[in-house]
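Here's the structure, in structure tokens; my notes come after.
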Amino acid sequence: MAKKKKGFSVFINGIINENPTFRMLLGMCPSLAVTTMAKNGLGMGAAATFVLVGSNFIISLIRNIVPDKVRIPAYITVIATFTTIVQMLLAVLLPELNKQLGIYIPLIVVNCIIFARAEMFAQKNGPILSILDALGMGAGFTIAITIIGSVREILGSGTWMGYPVTVNLFSPATFFILPAGGFMIMGFLVALFNKLANRKKNDNTIEHQDACAVGCPGCSNAAGGGDVK
């Protein structure tokens, strides 16, 4: 039960507490460059998740046999291998999406999110937790840039996933699909996400303090004082 709880905590961490885009501000280059359309964000997120899962898994397996002197080159080689695989798959299966994403697919090799998880998590944990961490981070990244792409596409092009959605509602403004508009949308969404996440954290803290005040088991400051026997 404890392992399942830990696994879920690792997975959800990448979506909320350490969301790579909204909380840690990693991978900003693709987050702004490819999010002029929602489907581009979804495609980039899926590609990055594939590389994350594959590289985290392999790195967690070889972490104890790779010498420290060649650790970074070895990890980059692993990441580059999975990036090449996903680029070839996109070229064959989704050539139009591959064309839209362009240079940002091979640049996954130097994406801060991928290497950060290799160094901070996969290097220190086993395969199962490393995969869950990769899935959580990938999901958090995908959700974030898909939201950014959706807002920019709706406001800037009047469409969502290529389908018209603002007919007779308002006229789209090209500004939102330009770099300046992308920075502005990103700023608003980062602020909103952090405000909601911090409010949730504060609510959980207050609930815990209230529970301690009435004597929750295990709390050293429970009502009546002293340790709970």
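Letters A, B, ... mark the chains of the structure tokens in the order given; residue numbers begin at 1 per chain; ligand numbers begin at 1, in order shown.
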> Which residues, written as a ChimeraX atom specification, have at least one atom at most 10 Å from Val10 (chain A), with only C-alpha atoms counted and residues fewer than 2 positions away on the same chain left out?
Replying inline: /A:4-8,12-15,17,129-137
>> List the spatial neighbours of Gly43 (chain A) as an MDAnalysis selection string - criterion: any atom at most 9 Å away, only C-alpha atoms, same-chain residues fewer than 4 positions off excluded.
In response: chainID A and resid 38:39 47:48 97:98 101 142 146
>> At a cut-off of 9 Å, using only C-alpha atoms, what residues contact Ile76 (chain A)? Leave out same-chain residues fewer than 6 positions from it and give the result as a PyMOL selection string.
In response: chain A and resi 109-110+115
Just write the chosen residues, C-alpha atoms, as a PDB file, in the first residue's frame.
```pdb
ATOM      1  CA  VAL A 109      17.923  16.157 -26.770  1.00  0.00           C
ATOM      2  CA  VAL A 110      18.832  19.382 -24.963  1.00  0.00           C
ATOM      3  CA  PHE A 115      18.116  15.851 -18.543  1.00  0.00           C
TER       4      PHE A 115
END
```
> Near Leu90 (chain A), counting only C-alpha atoms, which residues have an atom at most 12 Å away, once you skip same-chain residues fewer than 3 positions from it, shown as JSON, numbers by chain?
Replying inline: {"A": [43, 44, 46, 47, 50, 83, 84, 85, 86, 87, 93, 94, 95, 96, 97, 98, 99, 100, 101, 102, 105, 106]}
> Skipping near chain neighbours, those fewer than 6 positions away, what residues fall within 10 Å of Ile147 (chain A) using only C-alpha atoms, listed as a count of residues only?
Replying inline: 9
